[in-house]
Structure formats: C-alpha cells, structure tokens
>>> print(open('my_file_23.cif').read())   # mmCIF, C-alpha atoms
data_coords
#
loop_
_atom_site.group_PDB
_atom_site.id
_atom_site.type_symbol
_atom_site.label_atom_id
_atom_site.label_comp_id
_atom_site.auth_asym_id
_atom_site.auth_seq_id
_atom_site.Cartn_x
_atom_site.Cartn_y
_atom_site.Cartn_z
ATOM 1 C CA GLU B 152 8.316 8.752 -7.132
ATOM 2 C CA LEU B 153 6.021 7.141 -4.539
ATOM 3 C CA GLU B 154 6.416 3.714 -6.090
ATOM 4 C CA LYS B 155 10.202 4.099 -6.147
ATOM 5 C CA GLU B 156 10.216 5.073 -2.457
ATOM 6 C CA ILE B 157 7.931 2.180 -1.478
ATOM 7 C CA ASN B 158 10.176 -0.215 -3.406
ATOM 8 C CA GLN B 159 13.222 1.167 -1.548
ATOM 9 C CA THR B 160 11.405 0.736 1.769
ATOM 10 C CA ASN B 161 10.410 -2.832 0.840
ATOM 11 C CA GLU B 162 14.013 -3.638 -0.104
ATOM 12 C CA TYR B 163 15.064 -2.470 3.366
ATOM 13 C CA TYR B 164 12.354 -4.610 5.011
ATOM 14 C CA LEU B 165 13.544 -7.619 2.997
ATOM 15 C CA SER B 166 17.289 -7.065 3.619
ATOM 16 C CA GLU B 167 16.670 -6.743 7.367
ATOM 17 C CA ASP B 168 14.325 -9.785 7.355
ATOM 18 C CA ILE B 169 11.440 -7.649 8.631
ATOM 19 C CA ALA B 170 8.891 -8.473 5.909
ATOM 20 C CA VAL B 171 8.580 -9.914 2.410
ATOM 21 C CA ILE B 172 6.514 -7.480 0.360
ATOM 22 C CA HIS B 173 6.834 -7.041 -3.397
ATOM 23 C CA LYS B 174 5.331 -5.009 -6.187
ATOM 24 C CA LYS B 175 3.084 -7.209 -8.292
ATOM 25 C CA PRO B 176 3.946 -7.311 -11.973
ATOM 26 C CA THR B 177 1.213 -6.179 -14.347
ATOM 27 C CA PRO B 178 0.262 -9.093 -16.614
ATOM 28 C CA VAL B 179 0.572 -8.244 -20.321
ATOM 29 C CA THR B 180 0.064 -10.082 -23.592
ATOM 30 C CA ILE B 181 2.828 -9.413 -26.101
ATOM 31 C CA VAL B 182 1.489 -9.059 -29.636
ATOM 32 C CA LYS B 183 4.419 -7.809 -31.739
ATOM 33 C CA VAL B 184 8.159 -8.029 -31.265
ATOM 34 C CA ASP B 185 10.844 -6.434 -33.440
ATOM 35 C CA TYR B 186 14.139 -8.277 -33.790
ATOM 36 C CA PRO B 187 16.521 -5.630 -35.133
ATOM 37 C CA LYS B 188 20.037 -6.639 -36.053
ATOM 38 C CA ARG B 189 22.724 -6.110 -33.399
ATOM 39 C CA SER B 190 20.364 -5.180 -30.585
ATOM 40 C CA ALA B 191 17.957 -6.792 -28.199
ATOM 41 C CA ALA B 192 14.406 -7.681 -29.157
ATOM 42 C CA LYS B 193 11.962 -4.810 -28.768
ATOM 43 C CA ILE B 194 8.293 -5.207 -27.844
ATOM 44 C CA THR B 195 6.336 -2.946 -30.185
ATOM 45 C CA GLU B 196 2.768 -3.889 -29.237
ATOM 46 C CA ALA B 197 1.334 -5.322 -26.024
ATOM 47 C CA TYR B 198 -1.945 -5.285 -24.092
ATOM 48 C CA PHE B 199 -2.912 -5.731 -20.473
ATOM 49 C CA LYS B 200 -4.249 -9.276 -19.924
ATOM 50 C CA LEU B 201 -6.607 -8.423 -17.078
ATOM 51 C CA PRO B 202 -7.229 -5.554 -14.766
ATOM 52 C CA SER B 203 -4.644 -5.691 -11.997
ATOM 53 C CA THR B 204 -5.776 -5.933 -8.390
ATOM 54 C CA THR B 205 -3.464 -3.896 -6.164
ATOM 55 C CA ASP B 206 0.155 -2.796 -6.419
ATOM 56 C CA TYR B 207 1.798 -4.677 -3.536
ATOM 57 C CA ASN B 208 1.396 -7.816 -1.477
ATOM 58 C CA GLY B 209 3.404 -9.981 0.869
ATOM 59 C CA ILE B 210 3.717 -11.177 4.425
ATOM 60 C CA TYR B 211 4.566 -9.468 7.704
ATOM 61 C CA ARG B 212 4.572 -11.047 11.151
ATOM 62 C CA GLY B 213 2.544 -13.971 9.845
ATOM 63 C CA ARG B 214 -0.144 -11.804 8.245
ATOM 64 C CA TYR B 215 -0.894 -11.273 4.585
ATOM 65 C CA ILE B 216 -0.453 -7.632 3.497
ATOM 66 C CA ASP B 217 -2.120 -6.163 0.397
ATOM 67 C CA PHE B 218 -2.142 -2.515 -0.636
ATOM 68 C CA GLU B 219 -2.506 0.013 -3.397
ATOM 69 C CA ALA B 220 -0.359 3.143 -3.775
ATOM 70 C CA LYS B 221 -1.532 6.301 -5.538
ATOM 71 C CA GLU B 222 -0.213 9.802 -6.112
ATOM 72 C CA CYS B 223 -2.441 12.837 -6.427
ATOM 73 C CA ALA B 224 -1.482 16.296 -7.717
ATOM 74 C CA SER B 225 -4.522 18.090 -6.273
ATOM 75 C CA LEU B 226 -4.244 20.292 -3.197
ATOM 76 C CA THR B 227 -7.857 19.766 -2.166
ATOM 77 C CA SER B 228 -9.054 16.251 -3.049
ATOM 78 C CA PHE B 229 -8.232 12.762 -4.300
ATOM 79 C CA PRO B 230 -10.111 11.717 -7.485
ATOM 80 C CA LEU B 231 -11.994 8.434 -7.026
ATOM 81 C CA LYS B 232 -11.435 7.573 -10.688
ATOM 82 C CA SER B 233 -7.872 6.719 -9.577
ATOM 83 C CA ILE B 234 -9.193 3.645 -7.767
ATOM 84 C CA HIS B 235 -11.108 1.169 -9.891
ATOM 85 C CA ALA B 236 -14.180 -0.825 -8.808
ATOM 86 C CA HIS B 237 -12.343 -4.153 -9.168
ATOM 87 C CA GLN B 238 -9.643 -2.861 -6.789
ATOM 88 C CA ILE B 239 -12.265 -1.934 -4.173
ATOM 89 C CA THR B 240 -13.809 -5.407 -4.541
ATOM 90 C CA HIS B 241 -10.375 -7.016 -4.219
ATOM 91 C CA LEU B 242 -9.527 -5.053 -1.055
ATOM 92 C CA GLU B 243 -12.882 -5.998 0.511
ATOM 93 C CA SER B 244 -12.274 -9.636 -0.344
ATOM 94 C CA VAL B 245 -8.768 -9.873 1.120
ATOM 95 C CA VAL B 246 -9.905 -8.134 4.319
ATOM 96 C CA ARG B 247 -12.792 -10.599 4.619
ATOM 97 C CA HIS B 248 -10.172 -13.375 4.495
ATOM 98 C CA GLY B 249 -8.022 -11.838 7.229
ATOM 99 C CA ALA B 250 -5.545 -9.662 5.333
ATOM 100 C CA ILE B 251 -4.167 -6.343 6.446
ATOM 101 C CA ALA B 252 -5.209 -4.138 3.529
ATOM 102 C CA PHE B 253 -4.736 -0.426 3.007
ATOM 103 C CA LEU B 254 -3.939 2.344 0.587
ATOM 104 C CA ILE B 255 -1.001 4.701 0.560
ATOM 105 C CA ILE B 256 -2.023 8.037 -0.912
ATOM 106 C CA ARG B 257 0.466 10.820 -1.582
ATOM 107 C CA PHE B 258 -0.592 14.401 -2.156
ATOM 108 C CA THR B 259 2.453 15.402 -4.201
ATOM 109 C CA LYS B 260 1.981 19.186 -4.074
ATOM 110 C CA LEU B 261 1.594 19.057 -0.287
ATOM 111 C CA ASP B 262 4.390 16.494 0.095
ATOM 112 C CA GLU B 263 2.162 14.467 2.417
ATOM 113 C CA THR B 264 1.628 10.719 2.380
ATOM 114 C CA TYR B 265 -1.238 8.956 4.151
ATOM 115 C CA TYR B 266 -1.964 5.389 5.229
ATOM 116 C CA ILE B 267 -5.695 4.665 4.838
ATOM 117 C CA ASP B 268 -7.244 1.443 6.097
ATOM 118 C CA ALA B 269 -8.917 -0.287 3.139
ATOM 119 C CA MET B 270 -12.307 -0.704 4.810
ATOM 120 C CA THR B 271 -12.366 2.943 5.905
ATOM 121 C CA LEU B 272 -11.922 3.971 2.278
ATOM 122 C CA VAL B 273 -14.402 1.345 1.023
ATOM 123 C CA GLN B 274 -17.024 2.596 3.481
ATOM 124 C CA TYR B 275 -16.493 6.160 2.275
ATOM 125 C CA VAL B 276 -16.844 5.130 -1.366
ATOM 126 C CA ARG B 277 -20.003 3.101 -0.638
ATOM 127 C CA THR B 278 -21.725 5.841 1.389
ATOM 128 C CA HIS B 279 -20.831 9.030 -0.486
ATOM 129 C CA ASP B 280 -21.996 10.032 -3.930
ATOM 130 C CA ARG B 281 -18.889 11.996 -4.882
ATOM 131 C CA HIS B 282 -16.223 11.873 -7.566
ATOM 132 C CA SER B 283 -13.434 12.716 -5.134
ATOM 133 C CA ILE B 284 -12.464 12.521 -1.469
ATOM 134 C CA PRO B 285 -11.571 15.815 0.211
ATOM 135 C CA TYR B 286 -8.009 16.188 1.458
ATOM 136 C CA THR B 287 -9.372 16.970 4.926
ATOM 137 C CA TRP B 288 -10.927 13.487 5.046
ATOM 138 C CA PHE B 289 -7.450 11.948 4.695
ATOM 139 C CA ALA B 290 -6.075 14.177 7.449
ATOM 140 C CA GLU B 291 -8.964 13.130 9.742
ATOM 141 C CA ASN B 292 -9.266 9.423 8.848
ATOM 142 C CA GLY B 293 -5.772 8.438 7.789
ATOM 143 C CA THR B 294 -2.383 8.279 9.414
ATOM 144 C CA ARG B 295 0.370 10.443 8.011
ATOM 145 C CA ILE B 296 3.493 8.519 7.020
ATOM 146 C CA ASP B 297 6.669 10.341 7.923
ATOM 147 C CA SER B 298 9.466 10.263 5.384
ATOM 148 C CA GLY B 299 12.901 8.938 6.213
ATOM 149 C CA TYR B 300 16.164 8.369 4.382
ATOM 150 C CA VAL B 301 16.528 4.583 4.657
ATOM 151 C CA LYS B 302 12.785 3.876 4.783
ATOM 152 C CA PRO B 303 11.177 6.711 2.801
ATOM 153 C CA VAL B 304 7.646 5.297 3.287
ATOM 154 C CA ASP B 305 7.783 3.370 6.583
ATOM 155 C CA TYR B 306 4.214 2.058 6.500
ATOM 156 C CA LEU B 307 4.939 -0.992 8.708
ATOM 157 C CA LYS B 308 5.363 1.351 11.668
ATOM 158 C CA ILE B 309 1.660 2.182 11.268
ATOM 159 C CA VAL B 310 0.724 -1.480 10.699
ATOM 160 C CA ASP B 311 2.480 -2.279 13.999
ATOM 161 C CA ASP B 312 0.496 0.414 15.828
ATOM 162 C CA LEU B 313 -2.833 -0.666 14.340
ATOM 163 C CA TYR B 314 -2.494 -4.458 14.344
ATOM 164 C CA PHE B 315 0.304 -5.589 16.640
ATOM 165 C CA ARG B 316 0.683 -3.076 19.482
ATOM 166 C CA THR B 317 -1.627 -4.987 21.859
ATOM 167 C CA GLN B 318 0.144 -8.279 21.091
ATOM 168 C CA ASP B 319 3.559 -6.671 21.624
ATOM 169 C CA GLU B 320 2.426 -5.215 24.955
ATOM 170 C CA TYR B 321 1.071 -8.622 26.016
ATOM 171 C CA ASP B 322 4.356 -10.343 25.034
ATOM 172 C CA ARG B 323 6.396 -7.721 26.944
ATOM 173 C CA LYS B 324 4.316 -8.159 30.123
ATOM 174 C CA ASP B 325 4.526 -11.947 29.788
ATOM 175 C CA ASN B 326 8.334 -11.768 29.453
ATOM 176 C CA GLU B 327 8.584 -9.458 32.488
ATOM 177 C CA GLU B 328 6.475 -11.847 34.577
ATOM 178 C CA LYS B 329 8.707 -14.769 33.579
ATOM 179 C CA LYS B 330 11.807 -12.799 34.643
ATOM 180 C CA ASN B 331 10.269 -12.070 38.030
ATOM 181 C CA VAL B 332 9.461 -15.740 38.768
#
>>> encode(input="my_file_23.cif", output="structure tokens")
Amino acid sequence: ELEKEINQTNEYYLSEDIAVIHKKPTPVTIVKVDYPKRSAAKITEAYFKLPSTTDYNGIYRGRYIDFEAKECASLTSFPLKSIHAHQITHLESVVRHGAIAFLIIRFTKLDETYYIDAMTLVQYVRTHDRHSIPYTWFAENGTRIDSGYVKPVDYLKIVDDLYFRTQDEYDRKDNEEKKNV
C-alpha cells in the first residue's frame, strides 16, 4: 500500500512539474520462459541480478533525491533486518555526494508514516547494537508525514522544510527588496 501511495504522489509531482522521481526497477535475469499457445509468454523462472540499492530516485529543485520506503506491522519497533547493509552503504554514499537521502517508514497498525533523514538512521544503526529501532525513536527523530487524497505521502513538503526553507525565505526577502526600490 505504501509503495502504491508513493507512486501516486510521484505521479502528481510529475504531472504538476514539481519533481521527477521514479521507482527504480529491480534488475532480474530471466532463466525460463513458457510460450503457451494463444497467450502471452510467461516467465517461469527468474533471479535477481544484484541487490537493489533503494526504491526511489530522481530530481527536485536541482537536487538529487534518493530514498527507501518500508512498511512495518509492529506496534513497538521497526526490524533492522528490513534494511540491508548495502542499502545503508548506498545511502551514505549518495549523501556524501550531495544527495537528499531519506527513508519513509510506515507503521501499518498505527497508520503512521515517518520521514527519517538517511544519516540520522545510519548513525543509529552504527551506534546501537540492536535488531530493531523502537517506535518512540521514530516519533522523536523523524517527521510524521500527513496523508492526503491527491498526495497520499507528501514527502516533498518535509524536504522543503529541511532543505529549502532558508533559500525560499532569502528569495522572498530579495524579491520584496527589489519591489521597494
């Protein structure tokens, strides 16, 4: 459900020319294909080529965006086995190169969705010897994403607040000064 809602939100961003962000396809190697009569070919055996990095990437306001989305059925914690070591390494790498990177975590039984900065999560993983992250940590360290009809997971609102608010305020003041001259 989360992926479907993020895809709907991304379609809105694209249709309104706000951002270009897409779900990355998972690379697979096709091994066997059935060609039954009178119907389309059917893949009967396939394997993942390589471990995937993150679920989504794209561009927003001139910045590269990269993020992973996960759902969790627990009421009390998020299992760290849901995020793989190569994904943590990937998120660290893209941040080092200037990307805006984060995770979107949904606690399905609580119907709550959180935006978590990638480096905040990486730091937690690197400094805690646990198999899960308590729900309370997300409430304290993340930003809750409100749900809407047209944009069910409006994460760019949070990206604006975290990365572009100062620039927007500067641009507004600059425009006001130009009007007054």
>>> axis_aligned_box(input="my_file_23.cif", around="range 273-286 of chain B", padding_each_side="6 Å", output="AutoDock Vina command-line options")
--center_x -15.0 --center_y 8.8 --center_z -2.0 --size_x 26.0 --size_y 26.8 --size_z 23.0
>>> resolve_selection(input="my_file_23.cif", expression="the PyMOL selection byres ((chain B and resi 274-284) around 6)", output="MDAnalysis selection string")
chainID B and resid 228:231 270:273 285
>>> residues_around(input="my_file_23.cif", residues="Thr227 in chain B", least_positions_apart="4", cutoff="12 Å", atoms="only C-alpha atoms", output="JSON, numbers by chain")
{"B": [223, 258, 259, 260, 261, 283, 284, 285, 286, 287, 288, 289, 290]}
>>> resolve_selection(input="my_file_23.cif", expression="the PyMOL selection byres ((chain B and resi 256) around 8)", output="short mmCIF file (atom, residue, chain, number, x, y, z; two decimals) with C-alpha atoms, keeping the file's coordinate frame")
data_model
loop_
_atom_site.label_atom_id
_atom_site.label_comp_id
_atom_site.auth_asym_id
_atom_site.auth_seq_id
_atom_site.Cartn_x
_atom_site.Cartn_y
_atom_site.Cartn_z
CA ALA B 220 -0.36 3.14 -3.78
CA LYS B 221 -1.53 6.30 -5.54
CA GLU B 222 -0.21 9.80 -6.11
CA CYS B 223 -2.44 12.84 -6.43
CA LEU B 254 -3.94 2.34 0.59
CA ILE B 255 -1.00 4.70 0.56
CA ARG B 257 0.47 10.82 -1.58
CA PHE B 258 -0.59 14.40 -2.16
CA THR B 264 1.63 10.72 2.38
CA TYR B 265 -1.24 8.96 4.15
CA TYR B 266 -1.96 5.39 5.23
CA ILE B 267 -5.70 4.66 4.84
#
>>> closest_atom_pairs(input="my_file_23.cif", of="range 168-235 of chain B", to="range 295-308 of chain B", cutoff="12 Å", atoms="only C-alpha atoms", output="CSV")
residue,atom,partner,partner_atom,distance
B:Ile169,CA,B:Leu307,CA,9.3
B:Ala170,CA,B:Leu307,CA,8.9
B:Val171,CA,B:Leu307,CA,11.5
B:Ile172,CA,B:Leu307,CA,10.7
B:Ile210,CA,B:Leu307,CA,11.1
B:Tyr211,CA,B:Leu307,CA,8.5
B:Arg212,CA,B:Leu307,CA,10.4
B:Arg214,CA,B:Leu307,CA,12.0
B:Ile216,CA,B:Leu307,CA,10.0
B:Phe218,CA,B:Tyr306,CA,10.6
B:Ala220,CA,B:Val304,CA,10.9
>>> resolve_selection(input="my_file_23.cif", expression="the PyMOL selection byres ((chain B and resi 249) around 12)", output="list in words")
Gly213, Arg214, Tyr215, Ile216, Asp217, Leu242, Glu243, Ser244, Val245, Val246, Arg247, His248, Ala250, Ile251, Ala252 and Tyr314 of chain B
>>> residues_around(input="my_file_23.cif", residues="Thr195 in chain B", least_positions_apart="6", cutoff="9 Å", atoms="only C-alpha atoms", output="list in words")
Ile181, Val182, Lys183, Val184 and Asp185 of chain B
>>> closest_residue(input="my_file_23.cif", among="B:Asp168, B:Glu219, B:Glu162, B:Leu153", to="His235 in chain B", atoms="all atoms listed in the file")
B:Glu219
>>> atom_distance(input="my_file_23.cif", atom1="CA of Gln159 in chain B", atom2="CA of Asp262 in chain B")
17.8 Å
>>> atom_distance(input="my_file_23.cif", atom1="CA of Lys175 in chain B", atom2="CA of Thr205 in chain B")
7.6 Å
>>> atom_distance(input="my_file_23.cif", atom1="CA of Asn208 in chain B", atom2="CA of Ile239 in chain B")
15.1 Å
>>> closest_residue(input="my_file_23.cif", among="B:Glu156, B:His241, B:Glu291, B:Ser203", to="Ala269 in chain B", atoms="all atoms listed in the file")
B:His241
